[in-house]
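Engineer: run_29.txt is reproduced in full below (compact mmCIF, N, CA, C and O atoms).
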```txt
# COMPACT_ATOMS: atom_id res chain seq x y z
N MET A 280 -35.60 8.99 -6.92
CA MET A 280 -34.38 8.94 -6.13
C MET A 280 -33.86 7.50 -6.14
O MET A 280 -34.58 6.57 -5.83
N SER A 281 -32.59 7.34 -6.51
CA SER A 281 -32.01 5.99 -6.54
C SER A 281 -31.28 5.71 -5.23
O SER A 281 -30.59 6.56 -4.69
N LEU A 282 -31.46 4.49 -4.75
CA LEU A 282 -30.81 4.07 -3.52
C LEU A 282 -29.51 3.37 -3.86
O LEU A 282 -29.41 2.65 -4.86
N VAL A 283 -28.53 3.56 -3.02
CA VAL A 283 -27.24 2.90 -3.20
C VAL A 283 -27.35 1.50 -2.61
O VAL A 283 -27.81 1.31 -1.49
N THR A 284 -26.91 0.52 -3.39
CA THR A 284 -27.00 -0.86 -2.92
C THR A 284 -25.83 -1.17 -1.97
O THR A 284 -24.80 -0.48 -1.97
N GLU A 285 -26.01 -2.22 -1.22
CA GLU A 285 -24.96 -2.66 -0.31
C GLU A 285 -23.69 -3.03 -1.09
O GLU A 285 -22.58 -2.74 -0.66
N LYS A 286 -23.87 -3.63 -2.25
CA LYS A 286 -22.72 -4.01 -3.08
C LYS A 286 -21.96 -2.76 -3.56
O LYS A 286 -20.73 -2.76 -3.59
N GLU A 287 -22.68 -1.71 -3.90
CA GLU A 287 -22.03 -0.47 -4.34
C GLU A 287 -21.25 0.17 -3.18
O GLU A 287 -20.13 0.67 -3.38
N ILE A 288 -21.81 0.11 -1.99
CA ILE A 288 -21.12 0.65 -0.82
C ILE A 288 -19.85 -0.15 -0.55
O ILE A 288 -18.77 0.42 -0.33
N LEU A 289 -19.97 -1.47 -0.61
CA LEU A 289 -18.81 -2.34 -0.40
C LEU A 289 -17.76 -2.11 -1.47
O LEU A 289 -16.56 -2.01 -1.17
N ASN A 290 -18.19 -1.98 -2.71
CA ASN A 290 -17.29 -1.70 -3.83
C ASN A 290 -16.51 -0.42 -3.57
O ASN A 290 -15.27 -0.40 -3.67
N ASN A 291 -17.21 0.64 -3.22
CA ASN A 291 -16.54 1.92 -2.97
C ASN A 291 -15.60 1.85 -1.77
O ASN A 291 -14.50 2.41 -1.81
N ALA A 292 -16.02 1.17 -0.71
CA ALA A 292 -15.18 1.06 0.49
C ALA A 292 -13.88 0.31 0.18
O ALA A 292 -12.80 0.73 0.59
N ILE A 293 -13.99 -0.79 -0.56
CA ILE A 293 -12.79 -1.56 -0.89
C ILE A 293 -11.87 -0.77 -1.81
O ILE A 293 -10.66 -0.75 -1.63
N LYS A 294 -12.45 -0.09 -2.79
CA LYS A 294 -11.63 0.72 -3.70
C LYS A 294 -10.91 1.84 -2.95
O LYS A 294 -9.75 2.15 -3.23
N MET A 295 -11.61 2.46 -2.00
CA MET A 295 -10.97 3.52 -1.20
C MET A 295 -9.84 2.93 -0.35
O MET A 295 -8.77 3.54 -0.22
N ALA A 296 -10.07 1.76 0.22
CA ALA A 296 -9.05 1.11 1.04
C ALA A 296 -7.82 0.76 0.20
O ALA A 296 -6.68 0.96 0.63
N ILE A 297 -8.04 0.28 -1.01
CA ILE A 297 -6.93 -0.03 -1.92
C ILE A 297 -6.16 1.23 -2.25
O ILE A 297 -4.92 1.24 -2.21
N ASP A 298 -6.86 2.29 -2.56
CA ASP A 298 -6.21 3.56 -2.90
C ASP A 298 -5.36 4.06 -1.73
O ASP A 298 -4.20 4.45 -1.92
N MET A 299 -5.91 4.01 -0.52
CA MET A 299 -5.14 4.46 0.65
C MET A 299 -3.91 3.59 0.88
O MET A 299 -2.83 4.10 1.18
N GLU A 300 -4.06 2.27 0.73
CA GLU A 300 -2.93 1.37 0.93
C GLU A 300 -1.85 1.59 -0.12
O GLU A 300 -0.66 1.54 0.19
N GLN A 301 -2.26 1.84 -1.36
CA GLN A 301 -1.27 2.09 -2.41
C GLN A 301 -0.51 3.38 -2.14
O GLN A 301 0.71 3.43 -2.35
N LYS A 302 -1.19 4.40 -1.67
CA LYS A 302 -0.51 5.66 -1.32
C LYS A 302 0.44 5.44 -0.15
O LYS A 302 1.57 5.92 -0.15
N ARG A 303 -0.03 4.68 0.83
CA ARG A 303 0.80 4.37 2.00
C ARG A 303 2.03 3.58 1.57
O ARG A 303 3.15 3.86 2.01
N GLN A 304 1.84 2.60 0.69
CA GLN A 304 2.96 1.79 0.21
C GLN A 304 3.99 2.66 -0.49
O GLN A 304 5.19 2.50 -0.29
N SER A 305 3.52 3.59 -1.31
CA SER A 305 4.44 4.48 -2.02
C SER A 305 5.24 5.35 -1.05
O SER A 305 6.45 5.54 -1.24
N LYS A 306 4.58 5.85 -0.02
CA LYS A 306 5.28 6.67 0.97
C LYS A 306 6.33 5.86 1.71
O LYS A 306 7.46 6.30 1.89
N TYR A 307 5.95 4.63 2.13
CA TYR A 307 6.90 3.79 2.84
C TYR A 307 8.08 3.41 1.96
O TYR A 307 9.23 3.40 2.41
N ALA A 308 7.82 3.11 0.71
CA ALA A 308 8.90 2.76 -0.22
C ALA A 308 9.84 3.94 -0.41
O ALA A 308 11.07 3.77 -0.42
N PHE A 309 9.27 5.14 -0.55
CA PHE A 309 10.09 6.34 -0.68
C PHE A 309 10.97 6.53 0.56
O PHE A 309 12.17 6.80 0.45
N LEU A 310 10.35 6.39 1.73
CA LEU A 310 11.11 6.56 2.98
C LEU A 310 12.19 5.49 3.11
O LEU A 310 13.30 5.79 3.57
N ALA A 311 11.89 4.28 2.70
CA ALA A 311 12.89 3.20 2.77
C ALA A 311 14.08 3.50 1.86
O ALA A 311 15.23 3.31 2.24
N ARG A 312 13.79 4.00 0.67
CA ARG A 312 14.88 4.31 -0.29
C ARG A 312 15.75 5.47 0.22
O ARG A 312 16.94 5.51 -0.06
N ASN A 313 15.14 6.39 0.93
CA ASN A 313 15.86 7.60 1.29
C ASN A 313 16.36 7.64 2.74
O ASN A 313 17.07 8.58 3.10
N ALA A 314 16.00 6.64 3.52
CA ALA A 314 16.47 6.61 4.91
C ALA A 314 17.97 6.31 4.93
O ALA A 314 18.46 5.48 4.17
N ARG A 315 18.66 6.98 5.81
CA ARG A 315 20.11 6.73 5.95
C ARG A 315 20.38 5.67 7.02
O ARG A 315 21.32 4.91 6.91
N ASP A 316 19.52 5.66 8.02
CA ASP A 316 19.68 4.70 9.11
C ASP A 316 19.20 3.32 8.65
O ASP A 316 18.10 3.18 8.11
N LYS A 317 20.02 2.31 8.85
CA LYS A 317 19.72 0.96 8.38
C LYS A 317 18.42 0.42 9.00
O LYS A 317 17.60 -0.19 8.31
N LYS A 318 18.22 0.65 10.29
CA LYS A 318 17.02 0.15 10.96
C LYS A 318 15.76 0.82 10.42
O LYS A 318 14.73 0.18 10.24
N LEU A 319 15.85 2.12 10.17
CA LEU A 319 14.70 2.83 9.59
C LEU A 319 14.42 2.34 8.18
O LEU A 319 13.27 2.16 7.78
N LYS A 320 15.49 2.13 7.42
CA LYS A 320 15.34 1.62 6.05
C LYS A 320 14.61 0.27 6.07
O LYS A 320 13.68 0.04 5.30
N GLU A 321 15.01 -0.61 6.99
CA GLU A 321 14.36 -1.91 7.12
C GLU A 321 12.91 -1.78 7.57
O GLU A 321 12.03 -2.47 7.06
N LEU A 322 12.67 -0.90 8.54
CA LEU A 322 11.32 -0.69 9.04
C LEU A 322 10.38 -0.22 7.93
O LEU A 322 9.31 -0.80 7.72
N PHE A 323 10.79 0.83 7.22
CA PHE A 323 9.94 1.36 6.16
C PHE A 323 9.78 0.35 5.02
O PHE A 323 8.71 0.25 4.42
N GLY A 324 10.83 -0.41 4.75
CA GLY A 324 10.72 -1.46 3.74
C GLY A 324 9.70 -2.52 4.14
O GLY A 324 8.88 -2.95 3.32
N SER A 325 9.72 -2.92 5.40
CA SER A 325 8.75 -3.90 5.90
C SER A 325 7.33 -3.36 5.85
O SER A 325 6.38 -4.08 5.51
N LEU A 326 7.18 -2.09 6.19
CA LEU A 326 5.85 -1.48 6.13
C LEU A 326 5.34 -1.40 4.70
O LEU A 326 4.15 -1.61 4.44
N ALA A 327 6.23 -1.14 3.76
CA ALA A 327 5.85 -1.09 2.34
C ALA A 327 5.39 -2.47 1.88
O ALA A 327 4.37 -2.59 1.18
N VAL A 328 6.09 -3.51 2.28
CA VAL A 328 5.72 -4.88 1.92
C VAL A 328 4.35 -5.23 2.52
O VAL A 328 3.49 -5.81 1.85
N ALA A 329 4.14 -4.85 3.77
CA ALA A 329 2.85 -5.13 4.43
C ALA A 329 1.71 -4.43 3.69
O ALA A 329 0.64 -5.02 3.50
N SER A 330 1.93 -3.20 3.27
CA SER A 330 0.89 -2.47 2.52
C SER A 330 0.62 -3.15 1.19
O SER A 330 -0.53 -3.27 0.76
N ARG A 331 1.67 -3.59 0.52
CA ARG A 331 1.52 -4.28 -0.76
C ARG A 331 0.70 -5.56 -0.57
O ARG A 331 -0.17 -5.89 -1.39
N ARG A 332 0.94 -6.28 0.52
CA ARG A 332 0.18 -7.50 0.80
C ARG A 332 -1.29 -7.19 1.08
O ARG A 332 -2.17 -7.94 0.65
N ARG A 333 -1.54 -6.10 1.80
CA ARG A 333 -2.93 -5.73 2.07
C ARG A 333 -3.66 -5.38 0.78
O ARG A 333 -4.84 -5.73 0.61
N VAL A 334 -2.98 -4.72 -0.14
CA VAL A 334 -3.59 -4.40 -1.44
C VAL A 334 -3.95 -5.71 -2.16
O VAL A 334 -5.05 -5.85 -2.70
N ALA A 335 -3.04 -6.66 -2.15
CA ALA A 335 -3.30 -7.95 -2.81
C ALA A 335 -4.50 -8.65 -2.17
O ALA A 335 -5.35 -9.21 -2.88
N LEU A 336 -4.58 -8.62 -0.84
CA LEU A 336 -5.71 -9.24 -0.15
C LEU A 336 -7.03 -8.56 -0.51
O LEU A 336 -8.04 -9.23 -0.75
N LEU A 337 -7.02 -7.24 -0.55
CA LEU A 337 -8.23 -6.50 -0.91
C LEU A 337 -8.65 -6.80 -2.34
O LEU A 337 -9.85 -6.97 -2.62
N LYS A 338 -7.70 -6.89 -3.24
CA LYS A 338 -8.03 -7.20 -4.64
C LYS A 338 -8.58 -8.62 -4.77
O LYS A 338 -9.50 -8.87 -5.54
N THR A 339 -8.04 -9.55 -4.00
CA THR A 339 -8.56 -10.91 -3.99
C THR A 339 -9.99 -10.92 -3.47
O THR A 339 -10.86 -11.60 -4.03
N GLU A 340 -10.23 -10.17 -2.43
CA GLU A 340 -11.57 -10.09 -1.87
C GLU A 340 -12.56 -9.49 -2.87
O GLU A 340 -13.69 -9.95 -3.01
N MET A 341 -12.11 -8.48 -3.60
CA MET A 341 -12.96 -7.89 -4.65
C MET A 341 -13.32 -8.96 -5.68
O MET A 341 -14.48 -9.05 -6.11
N LYS A 342 -12.34 -9.74 -6.08
CA LYS A 342 -12.57 -10.80 -7.07
C LYS A 342 -13.55 -11.84 -6.53
O LYS A 342 -14.47 -12.25 -7.23
N ASN A 343 -13.36 -12.22 -5.27
CA ASN A 343 -14.24 -13.21 -4.65
C ASN A 343 -15.69 -12.71 -4.55
O ASN A 343 -16.63 -13.48 -4.62
N LEU A 344 -15.84 -11.41 -4.35
CA LEU A 344 -17.17 -10.81 -4.24
C LEU A 344 -17.72 -10.36 -5.58
O LEU A 344 -18.79 -9.77 -5.65
N ASN A 345 -16.95 -10.61 -6.65
CA ASN A 345 -17.34 -10.23 -8.00
C ASN A 345 -17.57 -8.71 -8.09
O ASN A 345 -18.58 -8.25 -8.65
N ILE A 346 -16.62 -7.98 -7.54
CA ILE A 346 -16.67 -6.51 -7.57
C ILE A 346 -15.61 -6.04 -8.55
O ILE A 346 -14.48 -6.52 -8.56
N ARG A 347 -15.97 -5.05 -9.35
CA ARG A 347 -15.02 -4.52 -10.33
C ARG A 347 -14.62 -3.12 -9.97
O ARG A 347 -15.23 -2.35 -9.47
```
Any chance you could put this one into structure tokens?
Structural biologist:
Amino acid sequence: MSLVTEKEILNNAIKMAIDMEQKRQSKYAFLARNARDKKLKELFGSLAVASRRRVALLKTEMKNLNIR
């Protein structure tokens, strides 16, 4: 029986977080493009940018931890 290492758990957790953020970013971008109300368009656009930044931070952290 093989045990999962802490690095493998961290790797999987970060990859899952990136995947969720990318899906969230896509949804927010879609909503921003299709919103008719200016305030909603701005809100969803801001949320999409925030998700994109979180993805970048997670990818940087992966690089710092030498995770692929």
Engineer: Could you tell me, as a ChimeraX atom specification, which residues have any atom at most 5 Å from (4.3, -2.0, -2.7), counting all atoms listed in the file?
Structural biologist: /A:304,327,331
Engineer: Please provide as a list in words all residues within 12 Å of Asn345 of chain A, with the sequence filter that same-chain residues fewer than 6 positions apart are discarded (counting only C-alpha atoms).
Structural biologist: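 Counting only the stated atoms, we get Lys286, Glu287, Leu289, Asn290, Lys338 and Thr339 of chain A.
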Engineer: Could you pull out all residues of chain A with a DSSP call of helix (DSSP H, G or I) and give them as a ChimeraX atom specification?
Structural biologist: /A:285-313,317-343
Engineer: What is the atom CA of Arg315 of chain A-atom N of Gln301 of chain A distance in Å, reported with one decimal?
Structural biologist: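 Separation of atom CA of Arg315 of chain A and atom N of Gln301 of chain A: 24.0 Å.
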Engineer: Would you kindly return, as a list in words, each protein, DNA or RNA residue with an atom no farther than 10 Å from any atom of Met341 of chain A, considering only C-alpha atoms and excluding same-chain residues fewer than 5 positions away?
Structural biologist: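 Counting only C-alpha atoms, the residues come to Leu289, Asn290, Ile293, Lys294, Ala335, Leu336, Ile346 and Arg347 of chain A.
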Engineer: Report as a VMD selection string all protein, DNA and RNA residues lying within 12 Å of Val328 of chain A, evaluated on only C-alpha atoms, omitting residues in the same chain fewer than 6 positions from it.
Structural biologist: chain A and resid 300 to 301 303 to 308 311 321 to 322 334 to 335
Engineer: Emit the selected residues as a PDB file, in the coordinates of the input, including N, CA, C and O atoms.
Structural biologist:
```pdb
ATOM      1  N   GLU A 300      -4.060   2.270   0.730  1.00  0.00           N
ATOM      2  CA  GLU A 300      -2.930   1.370   0.930  1.00  0.00           C
ATOM      3  C   GLU A 300      -1.850   1.590  -0.120  1.00  0.00           C
ATOM      4  O   GLU A 300      -0.660   1.540   0.190  1.00  0.00           O
ATOM      5  N   GLN A 301      -2.260   1.840  -1.360  1.00  0.00           N
ATOM      6  CA  GLN A 301      -1.270   2.090  -2.410  1.00  0.00           C
ATOM      7  C   GLN A 301      -0.510   3.380  -2.140  1.00  0.00           C
ATOM      8  O   GLN A 301       0.710   3.430  -2.350  1.00  0.00           O
ATOM      9  N   ARG A 303      -0.030   4.680   0.830  1.00  0.00           N
ATOM     10  CA  ARG A 303       0.800   4.370   2.000  1.00  0.00           C
ATOM     11  C   ARG A 303       2.030   3.580   1.570  1.00  0.00           C
ATOM     12  O   ARG A 303       3.150   3.860   2.010  1.00  0.00           O
ATOM     13  N   GLN A 304       1.840   2.600   0.690  1.00  0.00           N
ATOM     14  CA  GLN A 304       2.960   1.790   0.210  1.00  0.00           C
ATOM     15  C   GLN A 304       3.990   2.660  -0.490  1.00  0.00           C
ATOM     16  O   GLN A 304       5.190   2.500  -0.290  1.00  0.00           O
ATOM     17  N   SER A 305       3.520   3.590  -1.310  1.00  0.00           N
ATOM     18  CA  SER A 305       4.440   4.480  -2.020  1.00  0.00           C
ATOM     19  C   SER A 305       5.240   5.350  -1.050  1.00  0.00           C
ATOM     20  O   SER A 305       6.450   5.540  -1.240  1.00  0.00           O
ATOM     21  N   LYS A 306       4.580   5.850  -0.020  1.00  0.00           N
ATOM     22  CA  LYS A 306       5.280   6.670   0.970  1.00  0.00           C
ATOM     23  C   LYS A 306       6.330   5.860   1.710  1.00  0.00           C
ATOM     24  O   LYS A 306       7.460   6.300   1.890  1.00  0.00           O
ATOM     25  N   TYR A 307       5.950   4.630   2.130  1.00  0.00           N
ATOM     26  CA  TYR A 307       6.900   3.790   2.840  1.00  0.00           C
ATOM     27  C   TYR A 307       8.080   3.410   1.960  1.00  0.00           C
ATOM     28  O   TYR A 307       9.230   3.400   2.410  1.00  0.00           O
ATOM     29  N   ALA A 308       7.820   3.110   0.710  1.00  0.00           N
ATOM     30  CA  ALA A 308       8.900   2.760  -0.220  1.00  0.00           C
ATOM     31  C   ALA A 308       9.840   3.940  -0.410  1.00  0.00           C
ATOM     32  O   ALA A 308      11.070   3.770  -0.420  1.00  0.00           O
ATOM     33  N   ALA A 311      11.890   4.280   2.700  1.00  0.00           N
ATOM     34  CA  ALA A 311      12.890   3.200   2.770  1.00  0.00           C
ATOM     35  C   ALA A 311      14.080   3.500   1.860  1.00  0.00           C
ATOM     36  O   ALA A 311      15.230   3.310   2.240  1.00  0.00           O
ATOM     37  N   GLU A 321      15.010  -0.610   6.990  1.00  0.00           N
ATOM     38  CA  GLU A 321      14.360  -1.910   7.120  1.00  0.00           C
ATOM     39  C   GLU A 321      12.910  -1.780   7.570  1.00  0.00           C
ATOM     40  O   GLU A 321      12.030  -2.470   7.060  1.00  0.00           O
ATOM     41  N   LEU A 322      12.670  -0.900   8.540  1.00  0.00           N
ATOM     42  CA  LEU A 322      11.320  -0.690   9.040  1.00  0.00           C
ATOM     43  C   LEU A 322      10.380  -0.220   7.930  1.00  0.00           C
ATOM     44  O   LEU A 322       9.310  -0.800   7.720  1.00  0.00           O
ATOM     45  N   VAL A 334      -2.980  -4.720  -0.140  1.00  0.00           N
ATOM     46  CA  VAL A 334      -3.590  -4.400  -1.440  1.00  0.00           C
ATOM     47  C   VAL A 334      -3.950  -5.710  -2.160  1.00  0.00           C
ATOM     48  O   VAL A 334      -5.050  -5.850  -2.700  1.00  0.00           O
ATOM     49  N   ALA A 335      -3.040  -6.660  -2.150  1.00  0.00           N
ATOM     50  CA  ALA A 335      -3.300  -7.950  -2.810  1.00  0.00           C
ATOM     51  C   ALA A 335      -4.500  -8.650  -2.170  1.00  0.00           C
ATOM     52  O   ALA A 335      -5.350  -9.210  -2.880  1.00  0.00           O
TER      53      ALA A 335
END
```
Engineer: If I only have part of segment 291-302 of chain A, can you fill in all heavy atoms and write it as a PDB file, in the coordinates of the input?
Structural biologist:
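What follows is the written file part33.pdb:
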```
ATOM      1  N   ASN A 291     -17.210   0.640  -3.220  1.00  0.00           N
ATOM      2  CA  ASN A 291     -16.540   1.920  -2.970  1.00  0.00           C
ATOM      3  C   ASN A 291     -15.600   1.850  -1.770  1.00  0.00           C
ATOM      4  O   ASN A 291     -14.500   2.410  -1.810  1.00  0.00           O
ATOM      5  CB  ASN A 291     -17.574   3.028  -2.763  1.00  0.00           C
ATOM      6  CG  ASN A 291     -18.299   3.378  -4.038  1.00  0.00           C
ATOM      7  OD1 ASN A 291     -17.793   3.145  -5.135  1.00  0.00           O
ATOM      8  ND2 ASN A 291     -19.495   3.913  -3.919  1.00  0.00           N
ATOM      9  N   ALA A 292     -16.020   1.170  -0.710  1.00  0.00           N
ATOM     10  CA  ALA A 292     -15.180   1.060   0.490  1.00  0.00           C
ATOM     11  C   ALA A 292     -13.880   0.310   0.180  1.00  0.00           C
ATOM     12  O   ALA A 292     -12.800   0.730   0.590  1.00  0.00           O
ATOM     13  CB  ALA A 292     -15.954   0.354   1.597  1.00  0.00           C
ATOM     14  N   ILE A 293     -13.990  -0.790  -0.560  1.00  0.00           N
ATOM     15  CA  ILE A 293     -12.790  -1.560  -0.890  1.00  0.00           C
ATOM     16  C   ILE A 293     -11.870  -0.770  -1.810  1.00  0.00           C
ATOM     17  O   ILE A 293     -10.660  -0.750  -1.630  1.00  0.00           O
ATOM     18  CB  ILE A 293     -13.153  -2.933  -1.473  1.00  0.00           C
ATOM     19  CG1 ILE A 293     -13.800  -3.793  -0.393  1.00  0.00           C
ATOM     20  CG2 ILE A 293     -11.919  -3.629  -2.033  1.00  0.00           C
ATOM     21  CD1 ILE A 293     -14.305  -5.141  -0.880  1.00  0.00           C
ATOM     22  N   LYS A 294     -12.450  -0.090  -2.790  1.00  0.00           N
ATOM     23  CA  LYS A 294     -11.630   0.720  -3.700  1.00  0.00           C
ATOM     24  C   LYS A 294     -10.910   1.840  -2.950  1.00  0.00           C
ATOM     25  O   LYS A 294      -9.750   2.150  -3.230  1.00  0.00           O
ATOM     26  CB  LYS A 294     -12.476   1.278  -4.834  1.00  0.00           C
ATOM     27  CG  LYS A 294     -12.830   0.234  -5.867  1.00  0.00           C
ATOM     28  CD  LYS A 294     -13.646   0.822  -6.995  1.00  0.00           C
ATOM     29  CE  LYS A 294     -13.950  -0.247  -8.038  1.00  0.00           C
ATOM     30  NZ  LYS A 294     -14.732   0.288  -9.153  1.00  0.00           N
ATOM     31  N   MET A 295     -11.610   2.460  -2.000  1.00  0.00           N
ATOM     32  CA  MET A 295     -10.970   3.520  -1.200  1.00  0.00           C
ATOM     33  C   MET A 295      -9.840   2.930  -0.350  1.00  0.00           C
ATOM     34  O   MET A 295      -8.770   3.540  -0.220  1.00  0.00           O
ATOM     35  CB  MET A 295     -12.001   4.214  -0.314  1.00  0.00           C
ATOM     36  CG  MET A 295     -12.918   5.139  -1.076  1.00  0.00           C
ATOM     37  SD  MET A 295     -14.287   5.843  -0.107  1.00  0.00           S
ATOM     38  CE  MET A 295     -13.523   6.301   1.419  1.00  0.00           C
ATOM     39  N   ALA A 296     -10.070   1.760   0.220  1.00  0.00           N
ATOM     40  CA  ALA A 296      -9.050   1.110   1.040  1.00  0.00           C
ATOM     41  C   ALA A 296      -7.820   0.760   0.200  1.00  0.00           C
ATOM     42  O   ALA A 296      -6.680   0.960   0.630  1.00  0.00           O
ATOM     43  CB  ALA A 296      -9.623  -0.148   1.699  1.00  0.00           C
ATOM     44  N   ILE A 297      -8.040   0.280  -1.010  1.00  0.00           N
ATOM     45  CA  ILE A 297      -6.930  -0.030  -1.920  1.00  0.00           C
ATOM     46  C   ILE A 297      -6.160   1.230  -2.250  1.00  0.00           C
ATOM     47  O   ILE A 297      -4.920   1.240  -2.210  1.00  0.00           O
ATOM     48  CB  ILE A 297      -7.441  -0.725  -3.201  1.00  0.00           C
ATOM     49  CG1 ILE A 297      -7.888  -2.153  -2.882  1.00  0.00           C
ATOM     50  CG2 ILE A 297      -6.363  -0.733  -4.293  1.00  0.00           C
ATOM     51  CD1 ILE A 297      -8.585  -2.857  -4.022  1.00  0.00           C
ATOM     52  N   ASP A 298      -6.860   2.290  -2.560  1.00  0.00           N
ATOM     53  CA  ASP A 298      -6.210   3.560  -2.900  1.00  0.00           C
ATOM     54  C   ASP A 298      -5.360   4.060  -1.730  1.00  0.00           C
ATOM     55  O   ASP A 298      -4.200   4.450  -1.920  1.00  0.00           O
ATOM     56  CB  ASP A 298      -7.261   4.608  -3.274  1.00  0.00           C
ATOM     57  CG  ASP A 298      -6.642   5.911  -3.713  1.00  0.00           C
ATOM     58  OD1 ASP A 298      -5.795   5.889  -4.640  1.00  0.00           O
ATOM     59  OD2 ASP A 298      -7.001   6.968  -3.139  1.00  0.00           O
ATOM     60  N   MET A 299      -5.910   4.010  -0.520  1.00  0.00           N
ATOM     61  CA  MET A 299      -5.140   4.460   0.650  1.00  0.00           C
ATOM     62  C   MET A 299      -3.910   3.590   0.880  1.00  0.00           C
ATOM     63  O   MET A 299      -2.830   4.100   1.180  1.00  0.00           O
ATOM     64  CB  MET A 299      -6.035   4.480   1.887  1.00  0.00           C
ATOM     65  CG  MET A 299      -7.074   5.584   1.856  1.00  0.00           C
ATOM     66  SD  MET A 299      -8.019   5.801   3.387  1.00  0.00           S
ATOM     67  CE  MET A 299      -8.761   4.207   3.608  1.00  0.00           C
ATOM     68  N   GLU A 300      -4.060   2.270   0.730  1.00  0.00           N
ATOM     69  CA  GLU A 300      -2.930   1.370   0.930  1.00  0.00           C
ATOM     70  C   GLU A 300      -1.850   1.590  -0.120  1.00  0.00           C
ATOM     71  O   GLU A 300      -0.660   1.540   0.190  1.00  0.00           O
ATOM     72  CB  GLU A 300      -3.371  -0.090   0.901  1.00  0.00           C
ATOM     73  CG  GLU A 300      -3.985  -0.585   2.179  1.00  0.00           C
ATOM     74  CD  GLU A 300      -3.075  -0.509   3.395  1.00  0.00           C
ATOM     75  OE1 GLU A 300      -1.835  -0.524   3.281  1.00  0.00           O
ATOM     76  OE2 GLU A 300      -3.629  -0.430   4.497  1.00  0.00           O
ATOM     77  N   GLN A 301      -2.260   1.840  -1.360  1.00  0.00           N
ATOM     78  CA  GLN A 301      -1.270   2.090  -2.410  1.00  0.00           C
ATOM     79  C   GLN A 301      -0.510   3.380  -2.140  1.00  0.00           C
ATOM     80  O   GLN A 301       0.710   3.430  -2.350  1.00  0.00           O
ATOM     81  CB  GLN A 301      -1.959   2.124  -3.780  1.00  0.00           C
ATOM     82  CG  GLN A 301      -2.389   0.764  -4.235  1.00  0.00           C
ATOM     83  CD  GLN A 301      -3.203   0.771  -5.507  1.00  0.00           C
ATOM     84  OE1 GLN A 301      -3.920   1.723  -5.808  1.00  0.00           O
ATOM     85  NE2 GLN A 301      -3.130  -0.308  -6.262  1.00  0.00           N
ATOM     86  N   LYS A 302      -1.190   4.400  -1.670  1.00  0.00           N
ATOM     87  CA  LYS A 302      -0.510   5.660  -1.320  1.00  0.00           C
ATOM     88  C   LYS A 302       0.440   5.440  -0.150  1.00  0.00           C
ATOM     89  O   LYS A 302       1.570   5.920  -0.150  1.00  0.00           O
ATOM     90  CB  LYS A 302      -1.530   6.737  -0.988  1.00  0.00           C
ATOM     91  CG  LYS A 302      -2.265   7.253  -2.200  1.00  0.00           C
ATOM     92  CD  LYS A 302      -3.314   8.273  -1.829  1.00  0.00           C
ATOM     93  CE  LYS A 302      -4.078   8.719  -3.075  1.00  0.00           C
ATOM     94  NZ  LYS A 302      -5.183   9.616  -2.750  1.00  0.00           N
TER      95      LYS A 302
END
```
